[in-house]
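Coordinates as given in target31.tsv (TSV, C-alpha atoms):
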```tsv
chain	number	residue	atom	x	y	z
J	770	MET	CA	20.22	-5.62	7.12
J	771	GLN	CA	21.84	-7.60	9.94
J	772	PRO	CA	23.77	-4.63	11.44
J	773	LEU	CA	20.48	-2.70	11.61
J	774	ILE	CA	18.77	-5.61	13.36
J	775	ASP	CA	21.67	-5.95	15.81
J	776	ASN	CA	21.44	-2.27	16.71
J	777	ALA	CA	17.65	-2.43	17.10
J	778	ARG	CA	18.04	-5.32	19.53
J	779	THR	CA	20.33	-3.34	21.82
J	780	PHE	CA	18.73	0.08	21.30
J	781	GLY	CA	15.88	-0.42	23.77
J	782	GLN	CA	18.06	-1.79	26.55
J	783	ARG	CA	18.22	1.62	28.27
J	784	PRO	CA	14.50	2.30	28.89
J	785	GLU	CA	15.26	5.07	31.40
J	786	GLU	CA	16.57	7.18	28.51
J	787	PHE	CA	13.22	6.95	26.72
J	788	ALA	CA	10.63	6.99	29.50
J	789	GLY	CA	9.98	10.73	29.14
J	790	HIS	CA	8.95	10.31	25.53
J	791	ALA	CA	5.71	8.64	26.67
J	792	GLU	CA	4.51	12.01	27.99
J	793	GLY	CA	4.21	13.50	24.50
J	794	GLN	CA	6.21	15.52	22.04
J	795	SER	CA	7.03	19.18	21.66
J	796	PRO	CA	9.44	19.50	18.74
J	797	GLU	CA	10.93	22.90	18.01
J	798	VAL	CA	11.29	22.47	14.25
J	799	LEU	CA	9.49	20.90	11.32
J	800	PHE	CA	12.31	19.61	9.12
J	801	ILE	CA	11.24	18.96	5.53
J	802	THR	CA	13.80	17.12	3.47
J	803	CYS	CA	14.28	14.51	0.81
J	804	SER	CA	13.76	10.79	1.33
J	805	ASP	CA	17.35	10.26	0.14
J	806	SER	CA	19.14	7.86	2.49
J	807	ARG	CA	22.23	10.10	2.60
J	808	VAL	CA	20.27	12.91	4.25
J	809	VAL	CA	19.85	12.25	7.98
J	810	PRO	CA	18.27	15.24	9.74
J	811	ALA	CA	19.22	14.24	13.29
J	812	LEU	CA	22.81	13.60	12.20
J	813	ILE	CA	23.03	16.93	10.34
J	814	THR	CA	21.52	18.96	13.19
J	815	GLY	CA	22.60	16.94	16.21
J	816	ALA	CA	18.95	16.79	17.28
J	817	ARG	CA	17.88	14.48	20.04
J	818	PRO	CA	14.61	12.52	19.97
J	819	GLY	CA	11.70	14.92	20.27
J	820	GLN	CA	13.43	18.01	18.83
J	821	LEU	CA	12.57	17.55	15.13
J	822	PHE	CA	9.26	16.74	13.51
J	823	GLU	CA	10.30	15.31	10.16
J	824	LEU	CA	8.63	15.28	6.77
J	825	ARG	CA	10.54	13.37	4.13
J	826	THR	CA	9.37	13.33	0.54
J	827	ALA	CA	10.99	12.53	-2.77
J	828	GLY	CA	12.75	15.77	-3.70
J	829	ASN	CA	11.61	17.50	-0.48
J	830	ILE	CA	8.53	18.57	-2.41
J	831	VAL	CA	5.79	20.45	-0.59
J	832	PRO	CA	2.57	19.73	-2.51
J	833	PRO	CA	-0.01	22.44	-3.13
J	834	TYR	CA	-2.42	23.08	-0.27
J	835	ALA	CA	-5.83	21.64	-1.12
J	836	SER	CA	-8.19	21.08	1.82
J	837	GLU	CA	-10.60	19.20	-0.45
J	838	ARG	CA	-7.82	16.71	-1.35
J	839	PRO	CA	-5.63	16.43	1.74
J	840	SER	CA	-2.31	14.64	1.48
J	841	GLY	CA	-0.12	13.16	4.17
J	842	GLU	CA	2.40	15.94	3.55
J	843	THR	CA	-0.20	18.68	3.96
J	844	ALA	CA	-1.54	17.03	7.12
J	845	THR	CA	2.00	16.80	8.52
J	846	VAL	CA	2.66	20.50	7.96
J	847	GLU	CA	-0.71	21.49	9.42
J	848	TYR	CA	-0.25	19.25	12.47
J	849	ALA	CA	3.27	20.54	13.13
J	850	VAL	CA	2.16	24.17	12.94
J	851	GLU	CA	-1.32	24.08	14.49
J	852	VAL	CA	-1.07	21.29	17.05
J	853	LEU	CA	2.61	21.06	17.93
J	854	GLY	CA	3.25	24.78	17.51
J	855	VAL	CA	6.68	24.50	15.93
J	856	GLY	CA	8.42	27.87	15.72
J	857	ASP	CA	10.56	27.07	12.69
J	858	ILE	CA	10.26	25.14	9.45
J	859	VAL	CA	13.39	24.13	7.55
J	860	VAL	CA	13.20	22.98	3.94
J	861	CYS	CA	16.49	21.22	3.29
J	862	GLY	CA	17.52	20.23	-0.23
J	863	HIS	CA	20.72	18.38	-0.97
J	864	SER	CA	23.43	17.97	-3.56
J	865	HIS	CA	23.24	15.05	-5.96
J	866	CYS	CA	19.41	15.02	-5.68
J	867	GLY	CA	17.98	12.45	-8.05
J	868	ALA	CA	14.55	14.10	-8.14
J	869	VAL	CA	15.80	17.57	-9.03
J	870	GLY	CA	18.39	16.08	-11.37
J	871	ALA	CA	15.64	14.21	-13.23
J	872	LEU	CA	13.69	17.46	-13.63
J	873	VAL	CA	16.76	19.38	-14.83
J	874	ARG	CA	17.75	16.70	-17.31
J	875	GLY	CA	14.18	16.04	-18.44
J	876	ASP	CA	14.60	12.33	-17.74
J	877	ASP	CA	12.04	9.93	-19.18
J	878	LEU	CA	10.16	8.70	-16.12
J	879	THR	CA	7.48	6.64	-17.86
J	880	ALA	CA	8.75	3.50	-16.12
J	881	VAL	CA	8.03	5.12	-12.74
J	882	PRO	CA	4.70	6.91	-13.24
J	883	ALA	CA	4.12	7.65	-9.54
J	884	VAL	CA	7.54	9.34	-9.37
J	885	ARG	CA	6.83	11.26	-12.57
J	886	ASP	CA	3.46	12.47	-11.26
J	887	TRP	CA	4.90	13.35	-7.85
J	888	LEU	CA	7.66	15.44	-9.44
J	889	ALA	CA	4.95	17.40	-11.25
J	890	HIS	CA	4.29	18.91	-7.79
J	891	ALA	CA	7.71	20.55	-7.80
J	892	ALA	CA	6.04	24.02	-7.73
J	893	ASP	CA	8.44	25.53	-10.20
J	894	GLU	CA	10.81	24.33	-12.86
J	895	PRO	CA	14.28	23.99	-11.35
J	896	GLU	CA	16.78	26.59	-12.41
J	897	PRO	CA	18.66	25.44	-15.49
J	898	CYS	CA	22.13	24.18	-14.76
J	899	ASP	CA	24.80	22.11	-16.39
J	900	PRO	CA	23.17	18.66	-16.68
J	901	ALA	CA	26.64	17.12	-16.43
J	902	ASP	CA	27.09	18.63	-12.93
J	903	PRO	CA	26.10	15.80	-10.56
J	904	THR	CA	25.55	18.17	-7.61
J	905	VAL	CA	22.80	20.16	-9.41
J	906	ALA	CA	23.48	22.77	-6.71
J	907	GLY	CA	21.89	25.80	-8.34
J	908	ALA	CA	18.78	23.88	-9.36
J	909	VAL	CA	18.37	22.36	-5.89
J	910	GLN	CA	18.76	25.73	-4.19
J	911	HIS	CA	16.18	27.28	-6.54
J	912	HIS	CA	13.91	24.30	-5.81
J	913	VAL	CA	14.23	24.84	-2.04
J	914	LEU	CA	13.12	28.46	-2.45
J	915	ALA	CA	10.14	27.34	-4.57
J	916	GLN	CA	9.09	24.94	-1.79
J	917	LEU	CA	9.35	27.72	0.80
J	918	LEU	CA	7.12	29.87	-1.38
J	919	ARG	CA	4.66	26.98	-1.65
J	920	LEU	CA	4.63	26.63	2.15
J	921	ARG	CA	3.63	30.28	2.46
J	922	SER	CA	0.36	29.41	0.69
J	923	TYR	CA	-0.70	27.05	3.48
J	924	PRO	CA	-3.26	28.95	5.61
J	925	CYS	CA	-1.74	27.83	8.92
J	926	VAL	CA	1.75	28.87	7.80
J	927	GLU	CA	0.53	32.17	6.38
J	928	GLN	CA	-1.22	33.05	9.67
J	929	ARG	CA	1.72	32.12	11.90
J	930	LEU	CA	4.16	34.01	9.69
J	931	ALA	CA	1.90	37.08	9.83
J	932	ASP	CA	1.78	37.10	13.62
J	933	GLY	CA	5.48	36.31	14.04
J	934	ARG	CA	5.10	32.88	15.59
J	935	LEU	CA	6.81	31.04	12.73
J	936	ARG	CA	10.04	31.38	10.75
J	937	LEU	CA	10.95	29.65	7.49
J	938	HIS	CA	14.48	28.54	6.57
J	939	GLY	CA	15.97	27.20	3.34
J	940	TRP	CA	18.98	24.91	3.68
J	941	TYR	CA	21.20	23.14	1.19
J	942	TYR	CA	23.16	20.09	2.38
J	943	GLU	CA	26.21	18.83	0.50
J	944	VAL	CA	26.22	15.04	0.75
J	945	HIS	CA	29.83	14.89	-0.41
J	946	THR	CA	31.22	17.33	2.22
J	947	GLY	CA	28.68	17.42	5.06
J	948	ARG	CA	28.53	21.21	4.76
J	949	VAL	CA	25.21	22.99	5.23
J	950	ARG	CA	24.36	26.29	3.60
J	951	ALA	CA	21.41	28.47	4.59
J	952	HIS	CA	19.58	30.93	2.39
J	953	ARG	CA	20.04	34.53	3.48
J	954	ALA	CA	17.33	36.88	2.32
J	955	ASP	CA	19.57	39.94	2.53
J	956	THR	CA	22.04	38.52	0.00
J	957	ASP	CA	19.64	36.10	-1.74
J	958	ALA	CA	22.37	33.48	-1.53
J	959	PHE	CA	23.00	30.19	0.22
J	960	GLU	CA	25.88	30.73	2.63
J	961	THR	CA	27.69	28.35	4.95
J	962	LEU	CA	26.11	28.22	8.41
```

Would you give me this structure, written as structure tokens?
Amino acid sequence: MQPLIDNARTFGQRPEEFAGHAEGQSPEVLFITCSDSRVVPALITGARPGQLFELRTAGNIVPPYASERPSGETATVEYAVEVLGVGDIVVCGHSHCGAVGALVRGDDLTAVPAVRDWLAHAADEPEPCDPADPTVAGAVQHHVLAQLLRLRSYPCVEQRLADGRLRLHGWYYEVHTGRVRAHRADTDAFETL
């Protein structure tokens, strides 16, 4: 913890670099990814403060849209699209994902009931893969596509897609190489950016 504290102490010593942030935000992208500590959106994309609006959930799960039972995740998507007017949404899964791996392996999650119940929101069963493969690449990529499909059911996303003001992107990040692959609709494959 001490190195993090040391950096936080010196981080705000250049206030001129941050003064403009008080005027508001206008991010270009909503970046939905896993809470996994190895996945750092600004590091992966090179984004500066203000460029990404981030939503991090266990397993980068997008829950079902339900206006009668709003969730923080749903509110974040709606705010990014309707208020901030982001033009792109990226759903970024990653290799070695514990959430998707637990689904693929059928892990017993009774000791973590909130995790178990959250993973029930996965939208689709992950694609079967070799449970001994720690990357769970195929299952994660299938999972990313299921979350993109789920996003399309959000009224604000559906409307902005229909009028061309929004684009959706599926990414797969390899934590062991740093490589990013993007889903290409024309080939239905994740290919290196």

(message) Env of region 868-876 of chain J: 10 Å cut, atoms = only C-alpha atoms, seq-sep filter 6 positions within chain, self excluded. Answer as a ChimeraX atom specification.
(response) /J:803,805,827-830,862,884-885,887-889,891,894-906,908-910,912

Export, as an mmCIF file, in the frame of the given file, the selected residues with C-alpha atoms.
```cif
data_model
loop_
_atom_site.group_PDB
_atom_site.id
_atom_site.type_symbol
_atom_site.label_atom_id
_atom_site.label_comp_id
_atom_site.auth_asym_id
_atom_site.auth_seq_id
_atom_site.Cartn_x
_atom_site.Cartn_y
_atom_site.Cartn_z
ATOM 1 C CA CYS J 803 14.280 14.510 0.810
ATOM 2 C CA ASP J 805 17.350 10.260 0.140
ATOM 3 C CA ALA J 827 10.990 12.530 -2.770
ATOM 4 C CA GLY J 828 12.750 15.770 -3.700
ATOM 5 C CA ASN J 829 11.610 17.500 -0.480
ATOM 6 C CA ILE J 830 8.530 18.570 -2.410
ATOM 7 C CA GLY J 862 17.520 20.230 -0.230
ATOM 8 C CA VAL J 884 7.540 9.340 -9.370
ATOM 9 C CA ARG J 885 6.830 11.260 -12.570
ATOM 10 C CA TRP J 887 4.900 13.350 -7.850
ATOM 11 C CA LEU J 888 7.660 15.440 -9.440
ATOM 12 C CA ALA J 889 4.950 17.400 -11.250
ATOM 13 C CA ALA J 891 7.710 20.550 -7.800
ATOM 14 C CA GLU J 894 10.810 24.330 -12.860
ATOM 15 C CA PRO J 895 14.280 23.990 -11.350
ATOM 16 C CA GLU J 896 16.780 26.590 -12.410
ATOM 17 C CA PRO J 897 18.660 25.440 -15.490
ATOM 18 C CA CYS J 898 22.130 24.180 -14.760
ATOM 19 C CA ASP J 899 24.800 22.110 -16.390
ATOM 20 C CA PRO J 900 23.170 18.660 -16.680
ATOM 21 C CA ALA J 901 26.640 17.120 -16.430
ATOM 22 C CA ASP J 902 27.090 18.630 -12.930
ATOM 23 C CA PRO J 903 26.100 15.800 -10.560
ATOM 24 C CA THR J 904 25.550 18.170 -7.610
ATOM 25 C CA VAL J 905 22.800 20.160 -9.410
ATOM 26 C CA ALA J 906 23.480 22.770 -6.710
ATOM 27 C CA ALA J 908 18.780 23.880 -9.360
ATOM 28 C CA VAL J 909 18.370 22.360 -5.890
ATOM 29 C CA GLN J 910 18.760 25.730 -4.190
ATOM 30 C CA HIS J 912 13.910 24.300 -5.810
#
```

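Omitting Arg948 (chain J) and its sequence neighbours fewer than 5 positions away, and counting all atoms listed in the file, the residues within 12 Å are J:Val808, J:Ile813, J:Thr814, J:His863, J:Ser864, J:Trp940, J:Tyr941, J:Tyr942, J:Glu943, J:Phe959, J:Glu960, J:Thr961, J:Leu962.
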
(message) Between CA of Ala880 (chain J) and CA of Gly841 (chain J), what is the distance in Å, rounded to a tenth?
(response)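 Atom-to-atom, CA of Ala880 (chain J) and CA of Gly841 (chain J) are spaced 24.2 Å apart.
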
(request) Counting all atoms listed in the file, figure out which residue out of J:Ser840, J:Ala958, J:Ala849, J:Arg807 gets nearest to His945 (chain J). (result) J:Arg807

(request) State, in Å with one decimal place, the distance from CA of Glu847 (chain J) to CA of Gly789 (chain J). (result) 24.9 Å

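Atom to atom, CA of Tyr848 (chain J) and CA of Val926 (chain J) stand 10.9 Å apart.
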
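Within the 12 Å cut-off around Asp857 (chain J), using all atoms listed in the file and omitting residues fewer than 3 positions from it on the same chain, the listed residues are Pro796, Glu797, Val798, Leu799, Phe800, Ile801, Gln820, Leu821, Phe822, Val846, Ala849, Val850, Leu853, Gly854, Val860, Leu917, Val926, Arg929, Leu930, Gly933, Arg934, Leu935, Arg936, Leu937, His938 and Gly939 of chain J.
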
Using C-alpha atoms, can you write the selected residues to a file as a PDB file, keeping the file's coordinate frame?
```pdb
ATOM      1  CA  PRO J 796       9.440  19.500  18.740  1.00  0.00           C
ATOM      2  CA  GLU J 797      10.930  22.900  18.010  1.00  0.00           C
ATOM      3  CA  VAL J 798      11.290  22.470  14.250  1.00  0.00           C
ATOM      4  CA  LEU J 799       9.490  20.900  11.320  1.00  0.00           C
ATOM      5  CA  PHE J 800      12.310  19.610   9.120  1.00  0.00           C
ATOM      6  CA  ILE J 801      11.240  18.960   5.530  1.00  0.00           C
ATOM      7  CA  GLN J 820      13.430  18.010  18.830  1.00  0.00           C
ATOM      8  CA  LEU J 821      12.570  17.550  15.130  1.00  0.00           C
ATOM      9  CA  PHE J 822       9.260  16.740  13.510  1.00  0.00           C
ATOM     10  CA  VAL J 846       2.660  20.500   7.960  1.00  0.00           C
ATOM     11  CA  ALA J 849       3.270  20.540  13.130  1.00  0.00           C
ATOM     12  CA  VAL J 850       2.160  24.170  12.940  1.00  0.00           C
ATOM     13  CA  LEU J 853       2.610  21.060  17.930  1.00  0.00           C
ATOM     14  CA  GLY J 854       3.250  24.780  17.510  1.00  0.00           C
ATOM     15  CA  VAL J 860      13.200  22.980   3.940  1.00  0.00           C
ATOM     16  CA  LEU J 917       9.350  27.720   0.800  1.00  0.00           C
ATOM     17  CA  VAL J 926       1.750  28.870   7.800  1.00  0.00           C
ATOM     18  CA  ARG J 929       1.720  32.120  11.900  1.00  0.00           C
ATOM     19  CA  LEU J 930       4.160  34.010   9.690  1.00  0.00           C
ATOM     20  CA  GLY J 933       5.480  36.310  14.040  1.00  0.00           C
ATOM     21  CA  ARG J 934       5.100  32.880  15.590  1.00  0.00           C
ATOM     22  CA  LEU J 935       6.810  31.040  12.730  1.00  0.00           C
ATOM     23  CA  ARG J 936      10.040  31.380  10.750  1.00  0.00           C
ATOM     24  CA  LEU J 937      10.950  29.650   7.490  1.00  0.00           C
ATOM     25  CA  HIS J 938      14.480  28.540   6.570  1.00  0.00           C
ATOM     26  CA  GLY J 939      15.970  27.200   3.340  1.00  0.00           C
TER      27      GLY J 939
END
```

(request) Would you mind telling me which residue in J:Pro810, J:Gly947, J:His890, J:Gly793 lies nearest to Arg919 (chain J) when using all atoms listed in the file? (result) J:His890

(request) Could you tell me which of J:Gln771, J:Thr946, J:Thr843, J:Thr802 comes closest to Val913 (chain J) if we count all atoms listed in the file? (result) J:Thr802

(message) For a quick check of understanding, using all atoms listed in the file, which of J:Arg778, J:Arg950, J:Arg921, J:Arg838 has the smallest distance to Cys861 (chain J)?
(response)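 Of the candidates, the smallest distance to Cys861 (chain J) is held by J:Arg950.
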
(message) Here is a test: counting all atoms listed in the file, which residue of J:His865, J:Pro839, J:Val859, J:Asp877 is nearest to His952 (chain J)?
(response)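 Among J:His865, J:Pro839, J:Val859, J:Asp877, it is J:Val859 that comes nearest to His952 (chain J).
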
(message) Considering all atoms listed in the file, can you say which of J:Val831, J:Cys925, J:Leu824, J:Ala777 comes closest to Glu851 (chain J)?
(response)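 Ranking J:Val831, J:Cys925, J:Leu824, J:Ala777 by distance to Glu851 (chain J), first place goes to J:Cys925.
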
Box dimensions and centre (Å, one decimal) enclosing region 847-857 of chain J, axis-aligned, 3 Å extra per side, as AutoDock Vina command-line options:
```
--center_x 4.6 --center_y 23.6 --center_z 13.7 --size_x 17.9 --size_y 14.6 --size_z 14.5
```
